[in-house]
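Remarks on the structure that follows.
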2 protein chains.
Amino acid sequence: MPRSTRRRPALAHPEAESIDLYDVLHALSDPTRMTIVRILRTEPERACGTFPVDVAPSTLSHHFKVLRESGVISQREEANRRFSALRTVDLEQRFPGLLDTVLAALARNGDDA
Amino acid sequence: MPRSTRRRPALAHPEAESIDLYDVLHALSDPTRMTIVRILRTEPERACGTFPVDVAPSTLSHHFKVLRESGVISQREEANRRFSALRTVDLEQRFPGLLDTVLAALARNGDDA
DNA sequence: ACTCAATTTCGGTGTTTGTCGAACATCGCA
DNA sequence: TGCGATGTTCGACAAACACCGAAATTGAGT
């Protein structure tokens with residue numbers, strides 16, 4: 001097999017201006033994904049495997065894909081690891097206040113659920 | 001069959017304090033339902049059949065149920081009709097700013113989509 | 001009583017979702 | 001070169017979802 005081709009397909013991220021509200025709301029309507037977002041809120045960046053969610057690795061990978069393709073997070077590759085970060089600036093530009101409001105609402109919902 | 005029982009099962013509405021964030025976000029992540037919410041924002045109350053969405057009546061009924069059971073809208077019966085209203089006060093109390101922020105975001109998303 | 005209008009409920013269909021395990025790819029390191 | 005760690009992709013599966021048409025319900029009007 002040709003080794004000259006790009007190793008990985010390159011991660012797909014939507015442009016800031018084309019982030020879709022319905023995709024974002026859907027991404028945030030899952031507890032596992034919301035947990036990821038909440039944690040990412042407190043840290044600039046974090047490796048995928050280090051999130052305290054108890055689902056199978058493949059499931060976690062799926063959730064990261066949903067978050068990334070909706071525009072909520074960005075991911076960069078470094079060696080073996082994949083680091084995720086909240087797209088706070090892009091989200092704030094596209095939908096001002098949305099992330100803060102939802103995370104504040106989450107705190108009221110009970111952090112556990 | 002006993003006619004003395006309540007004719008309709010009585011509409012189920014969650015208490016304001018027990019409105020769940022994930023249910024709300026899920027309810028809002030559908031364009032048809034968001035259209036309903038957006039219109040309801042401009043009017044205190046409206047009959048089900050009068051919303052300009054082009055889905056079958058049975059589908060519309062389903063969407064109203066999702067919105068009602070998530071706590072986003074309330075419904076009251078009057079004769080043949082069923083009137084829906086946004087639960088603005090309850091939502092504001094439970095998740096301050098959420099509805100406004102999401103609706104503002106919707107305006108940026110393009111009202112059509 | 002009969003009919004019409006508004007809406008729900010009931011079955012059904014096709015799609016999407018969250019989940020998993022197994023297999024694969026990539027990198028760092030011994 | 002081989003091993004272990006990290007993470008993804010690939011089916012597969014059950015549950016949930018959006019949608020419809022047909023039938024049922026309910027109340028108003030004739």
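For the structure tokens, the naming scheme is as follows: chains receive sequential letters (A, B, ...) according to their order of presentation, residues are indexed from 1 within each chain, and ligands are indexed from 1 in presentation order.
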#### Entry: Expected answer as a VMD selection string: chain A residues within 9 Å of chain D, only C-alpha atoms (C1' of nucleotides)
chain A and resid 48 to 49 57 to 58 61 80 to 82
### Task
Pick out the chain B residues within 7 Å of chain A. Count only C-alpha atoms. Give them as JSON, numbers by chain.
{"B": [20, 21, 22, 25, 26, 29, 30, 95, 97, 98, 101, 102, 105, 106, 109]}
File dump, residues just selected, N, CA and C atoms, as an mmCIF file, in the first residue's frame:
data_model
loop_
_atom_site.group_PDB
_atom_site.id
_atom_site.type_symbol
_atom_site.label_atom_id
_atom_site.label_comp_id
_atom_site.auth_asym_id
_atom_site.auth_seq_id
_atom_site.Cartn_x
_atom_site.Cartn_y
_atom_site.Cartn_z
ATOM 1 N N ASP B 20 -36.411 18.688 32.704
ATOM 2 C CA ASP B 20 -35.062 18.157 32.477
ATOM 3 C C ASP B 20 -34.384 18.839 31.291
ATOM 4 N N LEU B 21 -33.148 19.247 31.525
ATOM 5 C CA LEU B 21 -32.417 19.973 30.485
ATOM 6 C C LEU B 21 -32.257 19.172 29.207
ATOM 7 N N TYR B 22 -31.952 17.898 29.360
ATOM 8 C CA TYR B 22 -31.746 17.074 28.165
ATOM 9 C C TYR B 22 -33.034 16.923 27.371
ATOM 10 N N LEU B 25 -33.433 20.271 25.511
ATOM 11 C CA LEU B 25 -32.506 20.400 24.387
ATOM 12 C C LEU B 25 -32.910 19.480 23.242
ATOM 13 N N HIS B 26 -33.334 18.281 23.604
ATOM 14 C CA HIS B 26 -33.781 17.370 22.561
ATOM 15 C C HIS B 26 -35.033 17.912 21.862
ATOM 16 N N SER B 29 -34.132 20.488 19.358
ATOM 17 C CA SER B 29 -33.186 20.143 18.301
ATOM 18 C C SER B 29 -33.872 19.680 17.021
ATOM 19 N N ASP B 30 -35.169 19.904 16.940
ATOM 20 C CA ASP B 30 -35.909 19.553 15.722
ATOM 21 C C ASP B 30 -36.490 20.818 15.090
ATOM 22 N N PHE B 95 -34.312 27.420 34.034
ATOM 23 C CA PHE B 95 -33.069 27.604 33.263
ATOM 24 C C PHE B 95 -32.995 29.039 32.739
ATOM 25 N N GLY B 97 -32.548 32.408 31.052
ATOM 26 C CA GLY B 97 -31.914 32.872 29.829
ATOM 27 C C GLY B 97 -31.852 31.859 28.709
ATOM 28 N N LEU B 98 -32.173 30.614 29.025
ATOM 29 C CA LEU B 98 -31.993 29.571 28.013
ATOM 30 C C LEU B 98 -32.848 29.797 26.770
ATOM 31 N N THR B 101 -31.760 32.836 24.701
ATOM 32 C CA THR B 101 -30.483 32.615 24.025
ATOM 33 C C THR B 101 -30.641 31.688 22.827
ATOM 34 N N VAL B 102 -31.421 30.635 23.025
ATOM 35 C CA VAL B 102 -31.614 29.687 21.935
ATOM 36 C C VAL B 102 -32.385 30.334 20.785
ATOM 37 N N ALA B 105 -30.149 32.539 18.958
ATOM 38 C CA ALA B 105 -29.261 31.716 18.135
ATOM 39 C C ALA B 105 -29.994 31.247 16.886
ATOM 40 N N LEU B 106 -31.261 30.934 17.045
ATOM 41 C CA LEU B 106 -32.056 30.482 15.901
ATOM 42 C C LEU B 106 -32.118 31.562 14.828
ATOM 43 N N ASN B 109 -29.153 31.420 12.876
ATOM 44 C CA ASN B 109 -29.000 30.177 12.124
ATOM 45 C C ASN B 109 -29.659 30.275 10.758
#
### Query
Quick one: distance from C1' of DA25 in chain C to CA of Leu11 in chain A in Å, one decimal?
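Result for C1' of DA25 in chain C versus CA of Leu11 in chain A: 15.4 Å, one decimal.
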### Query
Could you pull out the strand (DSSP E) residues of chain B from DSSP and send them as a count of residues only?
14
### Task
Apply DSSP to the structure's backbone, then extract all residues of chain A labelled helix (DSSP H, G or I) and return them as JSON, numbers by chain.
{"A": [16, 17, 18, 21, 22, 23, 24, 25, 26, 27, 28, 31, 32, 33, 34, 35, 36, 37, 38, 39, 40, 41, 42, 48, 49, 50, 57, 58, 59, 60, 61, 62, 63, 64, 65, 66, 67, 68, 69, 70, 88, 89, 90, 91, 92, 93, 94, 98, 99, 100, 101, 102, 103, 104, 105, 106, 107, 108, 109]}
### Task
Restrict the distance test to only C-alpha atoms (C1' of nucleotides), flag each residue of chain C within 10 Å of chain B, and return the flagged residues as a VMD selection string.
chain C and resid 5 to 9
#### Entry: For CA of Arg38 in chain B and CA of Lys65 in chain A, the interatomic separation in Å (one decimal)
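Here the two named atoms are 29.5 Å from each other.
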